[in-house]
file structure-v3.csv (CSV, C-alpha atoms)
chain,number,residue,atom,x,y,z
M,1,MET,CA,134.5,37.4,99.3
M,2,LEU,CA,132.6,39.2,96.6
M,3,LYS,CA,129.0,40.2,97.1
M,4,ILE,CA,126.5,38.2,95.0
M,5,ARG,CA,123.5,40.1,93.4
M,6,TYR,CA,120.7,38.5,91.4
M,7,SER,CA,118.7,40.0,88.6
M,8,SER,CA,114.9,39.4,88.6
M,9,ALA,CA,115.5,37.4,85.3
M,10,PHE,CA,118.0,35.1,87.1
M,11,LYS,CA,115.5,34.5,89.9
M,12,LYS,CA,112.8,33.7,87.3
M,13,ASP,CA,115.2,31.4,85.3
M,14,LEU,CA,116.1,29.5,88.5
M,15,LYS,CA,112.5,28.4,89.3
M,16,PRO,CA,112.4,25.5,86.9
M,17,PHE,CA,115.5,24.1,88.6
M,18,GLN,CA,114.0,24.0,92.1
M,19,HIS,CA,113.4,20.3,92.0
M,20,ASP,CA,116.6,19.4,90.1
M,21,LYS,CA,119.0,18.7,93.0
M,22,SER,CA,121.9,18.1,90.6
M,23,ALA,CA,121.5,21.5,88.9
M,24,ILE,CA,121.1,23.4,92.1
M,25,SER,CA,124.2,21.7,93.5
M,26,VAL,CA,126.2,22.8,90.4
M,27,ILE,CA,124.8,26.3,90.6
M,28,ASN,CA,125.7,26.6,94.2
M,29,THR,CA,129.2,25.3,93.6
M,30,VAL,CA,129.8,27.9,90.8
M,31,LEU,CA,128.4,30.7,93.0
M,32,LYS,CA,130.8,29.8,95.8
M,33,LEU,CA,133.7,29.8,93.3
M,34,LEU,CA,132.6,33.2,91.8
M,35,ALA,CA,132.3,34.7,95.3
M,36,THR,CA,136.1,34.1,95.9
M,37,GLY,CA,136.9,36.6,93.1
M,38,LYS,CA,139.3,34.1,91.5
M,39,PRO,CA,139.1,32.8,87.9
M,40,LEU,CA,137.0,29.7,87.6
M,41,PRO,CA,138.6,26.4,87.0
M,42,ARG,CA,139.0,25.5,83.2
M,43,GLU,CA,136.2,22.9,83.5
M,44,TYR,CA,133.6,25.7,83.7
M,45,LYS,CA,134.7,27.1,80.3
M,46,GLU,CA,134.4,30.8,81.5
M,47,HIS,CA,134.4,33.2,78.6
M,48,SER,CA,133.3,36.7,77.5
M,49,LEU,CA,130.1,37.1,75.5
M,50,LYS,CA,129.3,39.2,72.4
M,51,GLY,CA,126.1,40.7,70.9
M,52,ASP,CA,123.2,41.3,73.3
M,53,TYR,CA,125.4,40.1,76.2
M,54,ILE,CA,128.5,42.2,75.5
M,55,GLY,CA,130.3,42.9,78.8
M,56,TYR,CA,129.0,39.7,80.4
M,57,LEU,CA,130.8,36.5,81.1
M,58,GLU,CA,129.4,33.0,80.8
M,59,CYS,CA,130.3,29.7,82.4
M,60,HIS,CA,129.1,26.1,81.9
M,61,GLY,CA,127.9,24.5,85.1
M,62,LYS,CA,127.0,21.4,83.0
M,63,PRO,CA,127.1,20.9,79.3
M,64,ASP,CA,123.8,22.7,78.8
M,65,LEU,CA,123.5,24.7,82.1
M,66,LEU,CA,124.9,28.2,81.6
M,67,LEU,CA,125.3,31.1,84.0
M,68,ILE,CA,125.6,34.6,82.6
M,69,TYR,CA,127.1,37.2,84.9
M,70,LYS,CA,129.2,40.3,85.3
M,71,ARG,CA,132.1,40.5,87.8
M,72,THR,CA,133.5,43.6,89.3
M,73,GLU,CA,136.1,44.1,92.2
M,74,GLN,CA,133.2,44.3,94.7
M,75,GLU,CA,130.5,42.0,93.4
M,76,VAL,CA,129.2,39.3,91.0
M,77,PHE,CA,125.9,40.2,89.3
M,78,LEU,CA,124.1,37.1,88.2
M,79,TYR,CA,122.0,37.9,85.1
M,80,ARG,CA,120.6,34.7,83.6
M,81,VAL,CA,120.8,30.9,84.0
M,82,GLY,CA,119.5,28.2,81.7
M,83,SER,CA,120.2,26.2,78.5
M,84,HIS,CA,121.8,27.5,75.3
M,85,ALA,CA,118.4,27.4,73.6
M,86,LYS,CA,116.7,29.4,76.3
M,87,LEU,CA,119.3,32.0,76.7
M,88,PHE,CA,120.3,32.5,73.1
M,89,LYS,CA,117.0,31.7,71.4
M,90,LEU,CA,118.5,29.0,69.2
call {"tool": "encode", "arguments": {"input": "structure-v3.csv", "output": "structure tokens"}}
result
Amino acid sequence: MLKIRYSSAFKKDLKPFQHDKSAISVINTVLKLLATGKPLPREYKEHSLKGDYIGYLECHGKPDLLLIYKRTEQEVFLYRVGSHAKLFKL
């Protein structure tokens, strides 16, 4: 199992989801999968990012619920969580 670390931005991003049980359930499922160190199932559309987020990965917990993170051999660093509009300033 990989260690999970959270950025302060991720913790701040997570607050609006506190009362959304569906979103929290999806986020927890993704975190458990990431902790295994194995690639995510295709349904999560995991892919590398460019631009400001170069070196990070993104996955889709729901169509507009994204997680941005880095994965190493020892840990997963959760950087941001939110919608496309919030994370990419669309």
call {"tool": "closest_residue", "arguments": {"input": "structure-v3.csv", "among": "M:Leu57, M:Ile27, M:Met1, M:Leu40", "to": "Gly82 of chain M", "atoms": "all atoms listed in the file"}}
result
M:Ile27
call {"tool": "atom_distance", "arguments": {"input": "structure-v3.csv", "atom1": "atom CA of Arg71 of chain M", "atom2": "atom CA of Gly37 of chain M"}}
result
8.1 Å
call {"tool": "residues_around", "arguments": {"input": "structure-v3.csv", "residues": "His84 of chain M", "least_positions_apart": "5", "cutoff": "12 Å", "atoms": "all atoms listed in the file", "output": "compact mmCIF listing (two decimals) with C-alpha atoms, in the coordinates of the input"}}
result
# COMPACT_ATOMS: atom_id res chain seq x y z
CA GLU M 58 129.40 33.00 80.80
CA CYS M 59 130.30 29.70 82.40
CA HIS M 60 129.10 26.10 81.90
CA GLY M 61 127.90 24.50 85.10
CA LYS M 62 127.00 21.40 83.00
CA PRO M 63 127.10 20.90 79.30
CA ASP M 64 123.80 22.70 78.80
CA LEU M 65 123.50 24.70 82.10
CA LEU M 66 124.90 28.20 81.60
CA LEU M 67 125.30 31.10 84.00
CA ILE M 68 125.60 34.60 82.60
CA LYS M 89 117.00 31.70 71.40
CA LEU M 90 118.50 29.00 69.20
call {"tool": "closest_residue", "arguments": {"input": "structure-v3.csv", "among": "M:Leu49, M:Leu31, M:Leu87, M:Leu14", "to": "Leu2 of chain M", "atoms": "all atoms listed in the file"}}
result
M:Leu31
call {"tool": "closest_residue", "arguments": {"input": "structure-v3.csv", "among": "M:Phe17, M:Phe88, M:Tyr79, M:Tyr69", "to": "Asp52 of chain M", "atoms": "only C-alpha atoms"}}
result
M:Phe88
call {"tool": "closest_residue", "arguments": {"input": "structure-v3.csv", "among": "M:Arg80, M:Lys86, M:Ser48, M:Val30", "to": "Ala9 of chain M", "atoms": "only C-alpha atoms"}}
result
M:Arg80
call {"tool": "atom_distance", "arguments": {"input": "structure-v3.csv", "atom1": "atom CA of Lys50 of chain M", "atom2": "atom CA of Gln18 of chain M"}}
result
29.2 Å
call {"tool": "atom_distance", "arguments": {"input": "structure-v3.csv", "atom1": "atom CA of Ile54 of chain M", "atom2": "atom CA of Phe10 of chain M"}}
result
17.2 Å
call {"tool": "closest_residue", "arguments": {"input": "structure-v3.csv", "among": "M:Val81, M:Lys32, M:Pro39, M:Tyr56", "to": "Ile4 of chain M", "atoms": "all atoms listed in the file"}}
result
M:Lys32
call {"tool": "closest_residue", "arguments": {"input": "structure-v3.csv", "among": "M:Leu34, M:His47, M:Tyr53, M:Ala85", "to": "Arg5 of chain M", "atoms": "all atoms listed in the file"}}
result
M:Leu34
